[in-house]
Amino acid sequence: MAMDLFNKQVSAPSNIAILKYWGKSNGQFSLNPSLSFTLKHSKTFLDFTYEKRQDKEIIIQDFLFNGFAKESFKSKIEQKIKKYFNQRDIPFGCNIKINTSNTFPHSSGIASSASSMAALAKMFSMIYDTHDVHQQSSMAREFSGSACRSIQEGWCLWGETQDVLDSSQEHAILMNSSVHPDFHSLQDWIFVCSDQAKAVSSSDGHQLMNQHPFKDARVKNAHERLSHFLQLLEVTPSNTFFDLCEQEALELHALMMTSTPSVLLMEPESLLLIKKISKLRQRGIMCGFTLDAGSSVHLLFPKNQLPILKNLLDEEYFGTIKKDYIEIIQDECSLC
Ligand code: PMV
């Protein structure tokens with residue numbers, strides 16, 4: 001019997017966390033709450049066609065990334081789908097063909113798992129006609145933790161905290177209305193410091209927290225830092241906010257460096273940039289950095305600092321080490 005063929009597209013933004021998810025608890029839940037904003041220009045687009053099956057199997061027939069078959073991505077996705085849907089009842093199975101692309105380069109320090117896994121969750125929500133964003137966020141979390149903060153646009157909190165009434169371990173919630181409008185246009189310039197893929201995947205990285213000697217201290221710090229961040233986000237950006245972003249980023253890398261085995265992801269260029277950014281603050285330019293689990297440095301600043309930072313870029317303030325960068329990606333909060 002001929003089945004109907006449906007052709008659709010979904011997209012999802014990447015996000016950058018100012019409070020990092022690092023370490024898992026009870027499977028796909030986080031050791032500590034995390035807080036991020038989605039990026040306006042760094043996105044995954046996912047085109048798909050599907051036909052319903054008479055049984056309840058989900059078969060990925062084709063998986064293209066940037067127009068090319070990518071077997072390693074396909075099998076990773078098949079595993080995640082199997083794990084998720086094996087435990088759930090679905091109305092029908094389907095044969096799916098996926099064609100996906102990112103607007104940003106691979107290994108650039110922009111979290112492609114967040115945008116791609118959020119796009120995948122949106123795809124299944126479209127197929128199964130489920131429009132609840134929290135349900136989508138929960139599915140995205142099962143595919144990759146940070147992806148749960150990429151379903152809705154803007155500032156998202158994942159994890160339970162007594163500071164926010166409806167906060168949840170299951171899914172991320174939107175924080176836009178509790179965040180000062182100046183943070184809706186926060187800028188994020190990503191200085192790519194290496195063209196190599198990360199030495200340690202984030203899923204291996206999370207594992208390192210299981211036996212980490214500073215695990216309890218980390219969880220306590222993250223909760224206290226979250227309360228502080230929430231207060232600072234209610235008012236216009238301050239140096240205290242950027243100090244806190246930097247402390248958190250360095251704590252993430254300190255945790256990695258003090259793991260067994262130890263993981264060192266920063267490159268010499270990352271450190272040079274960090275120092276340059278601190279000097280900018282001494283010169284009265286409001287900005288700060290954050291780092292993900294990689295060598296790229298994210299320069300964060302309020303939009304009113306854009307002209308002065310563009311000038312510095314033109315004047316080659318970052319010039320002495322510029323040759324070592326592969327790229328500088330100028331992005332901003334999706335709400336901008
Ligand atoms: O979603 P995962 O498993 O790729 O973990 C991402 C972890 C960090 O990017 C380092 C931090 C975060 O909260 O996004």
# chains A, B, ... in the order shown; residues from 1 in each chain; ligands from 1
>>> select_by_dssp(residues="segment 93-215 of chain A", states="helix (DSSP H, G or I)", output="ChimeraX atom specification")
/A:112-127,133-143,145-150,176-178,181-184,202-207,215
>>> closest_atom_pairs(of="segment 204-258 of chain A", to="segment 7-27 of chain A", cutoff="6 Å", atoms="only C-alpha atoms", output="Markdown table")
| residue | atom | partner | partner_atom | distance |
| --- | --- | --- | --- | --- |
| A:His206 | CA | A:Gly23 | CA | 4.0 |
| A:Met209 | CA | A:Gly23 | CA | 5.1 |
| A:Cys245 | CA | A:Ile18 | CA | 5.7 |
>>> residues_around(residues="Leu299 of chain A", least_positions_apart="2", cutoff="6 Å", atoms="only C-alpha atoms", output="PyMOL selection string")
chain A and resi 188-189+288-289
>>> write_last_selection(atoms="N, CA, C and O atoms", output="mmCIF file, in the first residue's frame")
data_model
loop_
_atom_site.group_PDB
_atom_site.id
_atom_site.type_symbol
_atom_site.label_atom_id
_atom_site.label_comp_id
_atom_site.auth_asym_id
_atom_site.auth_seq_id
_atom_site.Cartn_x
_atom_site.Cartn_y
_atom_site.Cartn_z
ATOM 1 N N ASP A 188 27.947 38.055 21.480
ATOM 2 C CA ASP A 188 28.881 36.944 21.710
ATOM 3 C C ASP A 188 29.781 36.807 20.482
ATOM 4 O O ASP A 188 29.323 36.387 19.423
ATOM 5 N N TRP A 189 31.040 37.230 20.637
ATOM 6 C CA TRP A 189 32.021 37.025 19.557
ATOM 7 C C TRP A 189 32.830 35.786 19.909
ATOM 8 O O TRP A 189 33.454 35.723 20.982
ATOM 9 N N GLY A 288 33.407 40.627 29.027
ATOM 10 C CA GLY A 288 33.998 39.514 29.769
ATOM 11 C C GLY A 288 34.004 38.295 28.867
ATOM 12 O O GLY A 288 33.438 38.337 27.775
ATOM 13 N N PHE A 289 34.632 37.226 29.356
ATOM 14 C CA PHE A 289 34.668 36.036 28.498
ATOM 15 C C PHE A 289 33.928 34.884 29.162
ATOM 16 O O PHE A 289 33.739 34.863 30.382
#
>>> residues_around(residues="Met175 of chain A", least_positions_apart="5", cutoff="7 Å", atoms="only C-alpha atoms", output="short mmCIF file (atom, residue, chain, number, x, y, z; two decimals) with N, CA, C and O atoms, in the first residue's frame")
data_model
loop_
_atom_site.label_atom_id
_atom_site.label_comp_id
_atom_site.auth_asym_id
_atom_site.auth_seq_id
_atom_site.Cartn_x
_atom_site.Cartn_y
_atom_site.Cartn_z
N TRP A 155 16.84 33.42 26.98
CA TRP A 155 17.50 32.96 28.21
C TRP A 155 16.75 31.78 28.79
O TRP A 155 15.53 31.85 29.02
N CYS A 156 17.45 30.67 28.99
CA CYS A 156 16.80 29.45 29.47
C CYS A 156 17.54 28.90 30.68
O CYS A 156 18.77 28.91 30.74
N LEU A 157 16.75 28.38 31.61
CA LEU A 157 17.29 27.76 32.82
C LEU A 157 16.90 26.29 32.81
O LEU A 157 15.74 25.95 32.61
#
>>> closest_residue(among="A:Glu315, A:Glu170, A:Asp292, A:Glu57", to="Met266 of chain A", atoms="only C-alpha atoms")
A:Asp292
>>> closest_residue(among="A:Glu142, A:Glu327, A:Glu71, A:Glu332", to="ligand 1", atoms="only C-alpha atoms and all ligand atoms")
A:Glu142
>>> closest_residue(among="A:Ser202, A:Gln152, A:Asn66, A:Asn210", to="ligand 1", atoms="only C-alpha atoms and all ligand atoms")
A:Ser202
>>> closest_residue(among="A:Ser36, A:Phe29, A:Lys80, A:Thr100", to="Asp62 of chain A", atoms="only C-alpha atoms")
A:Thr100
>>> residues_around(residues="Gln187 of chain A", least_positions_apart="4", cutoff="7 Å", atoms="only C-alpha atoms", output="list in words")
Leu300, Phe301, Pro302, Lys303, Asp331, Glu332 and Cys333 of chain A
>>> residues_around(residues="Ile151 of chain A", least_positions_apart="4", cutoff="12 Å", atoms="only C-alpha atoms", output="short mmCIF file (atom, residue, chain, number, x, y, z; two decimals) with all heavy atoms, in the first residue's frame")
data_model
loop_
_atom_site.label_atom_id
_atom_site.label_comp_id
_atom_site.auth_asym_id
_atom_site.auth_seq_id
_atom_site.Cartn_x
_atom_site.Cartn_y
_atom_site.Cartn_z
N VAL A 10 12.66 22.04 10.01
CA VAL A 10 12.70 22.65 11.34
C VAL A 10 14.09 23.29 11.51
O VAL A 10 15.02 22.96 10.78
CB VAL A 10 12.50 21.61 12.48
CG1 VAL A 10 11.08 21.13 12.56
CG2 VAL A 10 13.46 20.43 12.34
N SER A 11 14.20 24.18 12.48
CA SER A 11 15.53 24.73 12.79
C SER A 11 15.60 24.96 14.30
O SER A 11 14.57 25.07 14.96
CB SER A 11 15.78 26.03 12.04
OG SER A 11 14.95 27.04 12.56
N ALA A 12 16.83 25.02 14.80
CA ALA A 12 17.01 25.32 16.23
C ALA A 12 18.33 26.05 16.40
O ALA A 12 19.30 25.79 15.69
CB ALA A 12 17.02 24.03 17.05
N PRO A 13 18.37 26.99 17.36
CA PRO A 13 19.60 27.75 17.59
C PRO A 13 20.57 27.00 18.51
O PRO A 13 20.14 26.16 19.30
CB PRO A 13 19.09 29.01 18.31
CG PRO A 13 17.90 28.53 19.07
CD PRO A 13 17.27 27.43 18.24
N SER A 14 21.83 27.35 18.42
CA SER A 14 22.78 26.87 19.43
C SER A 14 22.63 27.76 20.66
O SER A 14 21.88 28.75 20.63
CB SER A 14 24.20 26.94 18.88
OG SER A 14 25.08 26.39 19.84
N ASN A 15 23.27 27.43 21.73
CA ASN A 15 23.23 28.32 22.90
C ASN A 15 24.59 28.34 23.57
O ASN A 15 25.42 27.45 23.36
CB ASN A 15 22.13 27.87 23.89
CG ASN A 15 22.44 26.57 24.60
OD1 ASN A 15 23.41 26.48 25.39
ND2 ASN A 15 21.66 25.52 24.33
N SER A 36 21.61 29.71 30.15
CA SER A 36 22.23 30.06 28.87
C SER A 36 21.34 31.00 28.07
O SER A 36 20.18 31.21 28.42
CB SER A 36 22.46 28.79 28.04
OG SER A 36 21.21 28.18 27.76
N PHE A 37 21.90 31.52 26.98
CA PHE A 37 21.05 32.22 26.01
C PHE A 37 21.30 31.63 24.63
O PHE A 37 22.41 31.14 24.34
CB PHE A 37 21.27 33.74 26.04
CG PHE A 37 22.65 34.23 25.68
CD1 PHE A 37 22.98 34.59 24.38
CD2 PHE A 37 23.64 34.35 26.66
CE1 PHE A 37 24.24 35.07 24.06
CE2 PHE A 37 24.91 34.81 26.35
CZ PHE A 37 25.21 35.18 25.05
N THR A 38 20.26 31.64 23.80
CA THR A 38 20.41 31.07 22.46
C THR A 38 21.05 32.11 21.54
O THR A 38 20.96 33.32 21.76
CB THR A 38 19.06 30.62 21.88
OG1 THR A 38 18.14 31.72 21.93
CG2 THR A 38 18.49 29.43 22.63
N LEU A 39 21.70 31.60 20.48
CA LEU A 39 22.42 32.47 19.54
C LEU A 39 21.57 32.72 18.29
O LEU A 39 20.87 31.83 17.82
CB LEU A 39 23.76 31.83 19.17
CG LEU A 39 24.73 31.67 20.34
CD1 LEU A 39 25.99 30.90 19.91
CD2 LEU A 39 25.12 33.03 20.91
N LYS A 43 22.85 28.29 13.90
CA LYS A 43 21.66 27.45 13.91
C LYS A 43 21.88 26.14 13.18
O LYS A 43 22.77 26.06 12.34
CB LYS A 43 20.52 28.15 13.16
CG LYS A 43 19.97 29.34 13.88
CD LYS A 43 18.78 29.88 13.12
CE LYS A 43 18.04 30.86 14.00
NZ LYS A 43 16.84 31.36 13.41
N THR A 44 21.01 25.18 13.46
CA THR A 44 20.94 23.97 12.65
C THR A 44 19.62 24.01 11.87
O THR A 44 18.57 24.29 12.46
CB THR A 44 20.94 22.70 13.53
OG1 THR A 44 22.22 22.61 14.16
CG2 THR A 44 20.72 21.44 12.70
N ALA A 114 23.84 21.01 20.79
CA ALA A 114 22.65 21.70 21.32
C ALA A 114 21.66 21.98 20.19
O ALA A 114 20.48 21.63 20.27
CB ALA A 114 23.06 22.99 22.01
N SER A 115 22.15 22.61 19.10
CA SER A 115 21.22 22.98 18.03
C SER A 115 20.74 21.75 17.25
O SER A 115 19.56 21.65 16.89
CB SER A 115 21.85 24.01 17.08
OG SER A 115 23.06 23.53 16.56
N SER A 116 21.64 20.79 17.01
CA SER A 116 21.22 19.66 16.17
C SER A 116 20.26 18.73 16.92
O SER A 116 19.27 18.24 16.35
CB SER A 116 22.42 18.88 15.64
OG SER A 116 23.20 18.43 16.71
N MET A 117 20.51 18.52 18.22
CA MET A 117 19.61 17.64 18.97
C MET A 117 18.27 18.32 19.27
O MET A 117 17.24 17.67 19.35
CB MET A 117 20.28 17.17 20.27
CG MET A 117 21.48 16.28 20.02
SD MET A 117 21.02 14.81 19.06
CE MET A 117 22.04 14.97 17.64
N ALA A 118 18.30 19.66 19.42
CA ALA A 118 17.03 20.39 19.59
C ALA A 118 16.24 20.30 18.28
O ALA A 118 15.01 20.11 18.30
CB ALA A 118 17.29 21.84 19.97
N ALA A 119 16.92 20.41 17.15
CA ALA A 119 16.23 20.31 15.85
C ALA A 119 15.62 18.91 15.69
O ALA A 119 14.50 18.77 15.19
CB ALA A 119 17.19 20.64 14.72
N LEU A 120 16.36 17.90 16.13
CA LEU A 120 15.86 16.52 16.03
C LEU A 120 14.58 16.35 16.88
O LEU A 120 13.60 15.73 16.44
CB LEU A 120 16.94 15.56 16.52
CG LEU A 120 16.80 14.11 16.13
CD1 LEU A 120 17.01 13.93 14.63
CD2 LEU A 120 17.83 13.25 16.89
N ALA A 121 14.61 16.91 18.08
CA ALA A 121 13.42 16.83 18.95
C ALA A 121 12.24 17.55 18.30
O ALA A 121 11.10 17.09 18.35
CB ALA A 121 13.73 17.42 20.31
N LYS A 122 12.54 18.69 17.65
CA LYS A 122 11.46 19.44 16.97
C LYS A 122 10.90 18.63 15.81
O LYS A 122 9.71 18.67 15.52
CB LYS A 122 11.98 20.79 16.47
CG LYS A 122 12.15 21.81 17.58
CD LYS A 122 12.53 23.14 16.97
CE LYS A 122 12.56 24.24 18.03
NZ LYS A 122 12.90 25.55 17.44
N MET A 123 11.79 17.89 15.14
CA MET A 123 11.34 17.05 14.03
C MET A 123 10.32 16.01 14.53
O MET A 123 9.24 15.86 13.95
CB MET A 123 12.54 16.34 13.39
CG MET A 123 12.16 15.41 12.27
SD MET A 123 13.56 14.42 11.70
CE MET A 123 13.50 13.06 12.85
N SER A 125 8.57 16.12 17.21
CA SER A 125 7.35 16.79 17.69
C SER A 125 6.43 17.10 16.53
O SER A 125 5.21 17.05 16.65
CB SER A 125 7.69 18.10 18.39
OG SER A 125 8.58 17.84 19.41
N HIS A 131 2.92 19.70 20.55
CA HIS A 131 3.38 21.08 20.48
C HIS A 131 3.88 21.64 21.80
O HIS A 131 4.29 22.78 21.88
CB HIS A 131 2.27 21.97 19.91
CG HIS A 131 1.87 21.53 18.54
ND1 HIS A 131 2.68 21.67 17.45
CD2 HIS A 131 0.77 20.87 18.11
CE1 HIS A 131 2.10 21.15 16.38
NE2 HIS A 131 0.93 20.65 16.75
N ASP A 132 3.85 20.82 22.84
CA ASP A 132 4.25 21.29 24.16
C ASP A 132 5.77 21.52 24.19
O ASP A 132 6.56 20.58 24.01
CB ASP A 132 3.84 20.21 25.18
CG ASP A 132 4.12 20.64 26.60
OD1 ASP A 132 5.29 20.96 26.91
OD2 ASP A 132 3.18 20.65 27.38
N VAL A 133 6.19 22.77 24.42
CA VAL A 133 7.62 23.09 24.36
C VAL A 133 8.41 22.41 25.48
O VAL A 133 9.60 22.10 25.30
CB VAL A 133 7.92 24.61 24.36
CG1 VAL A 133 7.64 25.22 23.01
CG2 VAL A 133 7.20 25.34 25.47
N HIS A 134 7.76 22.18 26.61
CA HIS A 134 8.48 21.51 27.70
C HIS A 134 8.71 20.04 27.37
O HIS A 134 9.76 19.48 27.69
CB HIS A 134 7.73 21.68 29.03
CG HIS A 134 7.83 23.08 29.56
ND1 HIS A 134 7.01 23.59 30.52
CD2 HIS A 134 8.69 24.10 29.22
CE1 HIS A 134 7.35 24.84 30.78
NE2 HIS A 134 8.35 25.18 29.99
N GLN A 135 7.74 19.47 26.69
CA GLN A 135 7.91 18.07 26.25
C GLN A 135 9.04 17.99 25.21
O GLN A 135 9.86 17.08 25.24
CB GLN A 135 6.59 17.62 25.62
CG GLN A 135 6.27 16.17 25.82
CD GLN A 135 4.90 15.86 25.22
OE1 GLN A 135 3.96 16.64 25.36
NE2 GLN A 135 4.79 14.73 24.54
N GLN A 136 9.07 18.97 24.31
CA GLN A 136 10.15 19.01 23.29
C GLN A 136 11.50 19.18 23.97
O GLN A 136 12.50 18.55 23.60
CB GLN A 136 9.93 20.18 22.33
CG GLN A 136 8.77 19.99 21.39
CD GLN A 136 8.56 21.22 20.50
OE1 GLN A 136 9.46 22.01 20.26
NE2 GLN A 136 7.34 21.38 20.01
N SER A 137 11.55 20.06 24.99
CA SER A 137 12.79 20.32 25.70
C SER A 137 13.26 19.05 26.43
O SER A 137 14.46 18.73 26.44
CB SER A 137 12.58 21.48 26.67
OG SER A 137 13.67 21.62 27.53
N SER A 138 12.31 18.33 26.98
CA SER A 138 12.65 17.10 27.70
C SER A 138 13.21 16.04 26.73
O SER A 138 14.18 15.35 27.04
CB SER A 138 11.39 16.61 28.42
OG SER A 138 11.63 15.39 28.98
N MET A 139 12.60 15.96 25.54
CA MET A 139 13.12 15.01 24.54
C MET A 139 14.54 15.43 24.10
O MET A 139 15.45 14.60 24.03
CB MET A 139 12.19 14.97 23.30
CG MET A 139 12.54 13.84 22.36
SD MET A 139 11.83 13.98 20.70
CE MET A 139 10.10 14.09 20.98
N ALA A 140 14.71 16.74 23.86
CA ALA A 140 16.03 17.25 23.45
C ALA A 140 17.07 16.93 24.53
O ALA A 140 18.20 16.54 24.23
CB ALA A 140 15.96 18.75 23.20
N ARG A 141 16.68 17.07 25.81
CA ARG A 141 17.59 16.76 26.92
C ARG A 141 18.04 15.30 26.87
O ARG A 141 19.21 15.00 27.12
CB ARG A 141 16.89 17.05 28.26
CG ARG A 141 17.65 16.57 29.48
CD ARG A 141 16.88 16.80 30.77
NE ARG A 141 15.58 16.17 30.80
CZ ARG A 141 15.36 14.86 30.96
NH1 ARG A 141 16.39 14.03 31.12
NH2 ARG A 141 14.14 14.38 30.96
N GLY A 145 22.11 16.89 26.79
CA GLY A 145 21.64 17.76 27.88
C GLY A 145 21.43 19.22 27.48
O GLY A 145 20.34 19.77 27.64
N SER A 146 22.48 19.84 26.94
CA SER A 146 22.41 21.28 26.67
C SER A 146 21.36 21.61 25.60
O SER A 146 20.93 22.76 25.48
CB SER A 146 23.77 21.80 26.23
OG SER A 146 24.21 21.10 25.08
N ALA A 147 20.92 20.61 24.83
CA ALA A 147 19.93 20.85 23.77
C ALA A 147 18.57 21.25 24.35
O ALA A 147 17.78 21.91 23.67
CB ALA A 147 19.78 19.60 22.91
N TRP A 155 16.84 33.42 26.98
CA TRP A 155 17.50 32.96 28.21
C TRP A 155 16.75 31.78 28.79
O TRP A 155 15.53 31.85 29.02
CB TRP A 155 17.55 34.12 29.22
CG TRP A 155 18.56 35.15 28.82
CD1 TRP A 155 18.36 36.18 27.94
CD2 TRP A 155 19.92 35.22 29.23
NE1 TRP A 155 19.53 36.90 27.79
CE2 TRP A 155 20.50 36.33 28.58
CE3 TRP A 155 20.72 34.47 30.09
CZ2 TRP A 155 21.84 36.70 28.76
CZ3 TRP A 155 22.04 34.83 30.27
CH2 TRP A 155 22.59 35.94 29.61
N CYS A 156 17.45 30.67 28.99
CA CYS A 156 16.80 29.45 29.47
C CYS A 156 17.54 28.90 30.68
O CYS A 156 18.77 28.91 30.74
CB CYS A 156 16.83 28.38 28.38
SG CYS A 156 15.70 28.75 27.04
N LEU A 157 16.75 28.38 31.61
CA LEU A 157 17.29 27.76 32.82
C LEU A 157 16.90 26.29 32.81
O LEU A 157 15.74 25.95 32.61
CB LEU A 157 16.67 28.44 34.05
CG LEU A 157 16.87 27.76 35.40
CD1 LEU A 157 18.33 27.87 35.86
CD2 LEU A 157 15.98 28.42 36.46
N TRP A 158 17.90 25.44 33.02
CA TRP A 158 17.63 23.99 33.14
C TRP A 158 18.12 23.54 34.51
O TRP A 158 19.28 23.79 34.85
CB TRP A 158 18.35 23.22 32.03
CG TRP A 158 18.34 21.72 32.23
CD1 TRP A 158 17.34 20.97 32.80
CD2 TRP A 158 19.37 20.79 31.89
NE1 TRP A 158 17.68 19.65 32.81
CE2 TRP A 158 18.93 19.50 32.26
CE3 TRP A 158 20.63 20.92 31.29
CZ2 TRP A 158 19.70 18.36 32.06
CZ3 TRP A 158 21.40 19.78 31.09
CH2 TRP A 158 20.93 18.51 31.47
N HIS A 171 13.10 19.65 32.07
CA HIS A 171 13.15 20.49 30.86
C HIS A 171 13.62 21.89 31.24
O HIS A 171 13.59 22.26 32.42
CB HIS A 171 11.77 20.55 30.21
CG HIS A 171 10.69 21.03 31.15
ND1 HIS A 171 10.54 22.34 31.49
CD2 HIS A 171 9.75 20.35 31.84
CE1 HIS A 171 9.55 22.46 32.34
NE2 HIS A 171 9.05 21.26 32.59
N ALA A 172 14.01 22.66 30.21
CA ALA A 172 14.42 24.04 30.47
C ALA A 172 13.19 24.94 30.51
O ALA A 172 12.16 24.62 29.90
CB ALA A 172 15.37 24.48 29.36
N ILE A 173 13.31 26.04 31.22
CA ILE A 173 12.22 27.03 31.20
C ILE A 173 12.78 28.36 30.72
O ILE A 173 13.97 28.65 30.88
CB ILE A 173 11.55 27.20 32.58
CG1 ILE A 173 12.58 27.63 33.64
CG2 ILE A 173 10.84 25.92 33.02
CD1 ILE A 173 11.93 28.17 34.90
N LEU A 174 11.88 29.17 30.16
CA LEU A 174 12.28 30.45 29.59
C LEU A 174 12.37 31.50 30.69
O LEU A 174 11.46 31.60 31.52
CB LEU A 174 11.22 30.83 28.55
CG LEU A 174 11.64 31.67 27.36
CD1 LEU A 174 12.84 31.07 26.66
CD2 LEU A 174 10.47 31.81 26.39
N SER A 334 19.62 35.60 20.55
CA SER A 334 18.52 35.46 19.58
C SER A 334 17.44 36.54 19.73
O SER A 334 16.70 36.79 18.80
CB SER A 334 17.78 34.15 19.79
OG SER A 334 18.60 33.07 19.55
#
>>> closest_residue(among="A:Pro181, A:Pro237, A:Gly93, A:Gly109", to="ligand 1", atoms="only C-alpha atoms and all ligand atoms")
A:Gly109
>>> closest_residue(among="A:Thr236, A:Ser150, A:Asn99, A:Ser168", to="ligand 1", atoms="only C-alpha atoms and all ligand atoms")
A:Ser150
>>> residues_around(residues="Lys275 of chain A", least_positions_apart="4", cutoff="12 Å", atoms="only C-alpha atoms", output="list of chain:residue names")
A:Glu246, A:Pro268, A:Glu269, A:Ser270, A:Leu271, A:Lys279, A:Leu280, A:Arg281, A:Gln282, A:Gly288, A:Phe289, A:Val297, A:Leu299, A:Phe318, A:Ile321
>>> decode(residues="segment 267-293 of chain A", atoms="C-alpha atoms", output="short mmCIF file (atom, residue, chain, number, x, y, z; two decimals), in the first residue's frame")
data_model
loop_
_atom_site.label_atom_id
_atom_site.label_comp_id
_atom_site.auth_asym_id
_atom_site.auth_seq_id
_atom_site.Cartn_x
_atom_site.Cartn_y
_atom_site.Cartn_z
CA GLU A 267 45.32 26.59 23.76
CA PRO A 268 48.03 29.25 24.30
CA GLU A 269 45.87 31.59 22.16
CA SER A 270 42.93 31.07 24.52
CA LEU A 271 45.05 32.36 27.43
CA LEU A 272 46.38 35.31 25.44
CA LEU A 273 42.82 36.30 24.62
CA ILE A 274 41.65 35.93 28.20
CA LYS A 275 44.40 38.32 29.26
CA LYS A 276 43.56 40.79 26.47
CA ILE A 277 39.90 40.76 27.53
CA SER A 278 40.79 41.49 31.18
CA LYS A 279 42.83 44.49 29.98
CA LEU A 280 39.81 45.78 28.06
CA ARG A 281 37.85 45.89 31.32
CA GLN A 282 40.67 47.83 32.98
CA ARG A 283 40.30 50.32 30.11
CA GLY A 284 36.64 50.80 30.97
CA ILE A 285 35.15 48.64 28.22
CA MET A 286 32.39 46.52 29.66
CA CYS A 287 32.91 42.93 28.57
CA GLY A 288 34.00 39.51 29.77
CA PHE A 289 34.67 36.04 28.50
CA THR A 290 33.15 32.65 28.84
CA LEU A 291 34.47 29.29 27.67
CA ASP A 292 32.75 26.10 26.67
CA ALA A 293 34.39 22.69 26.88
#
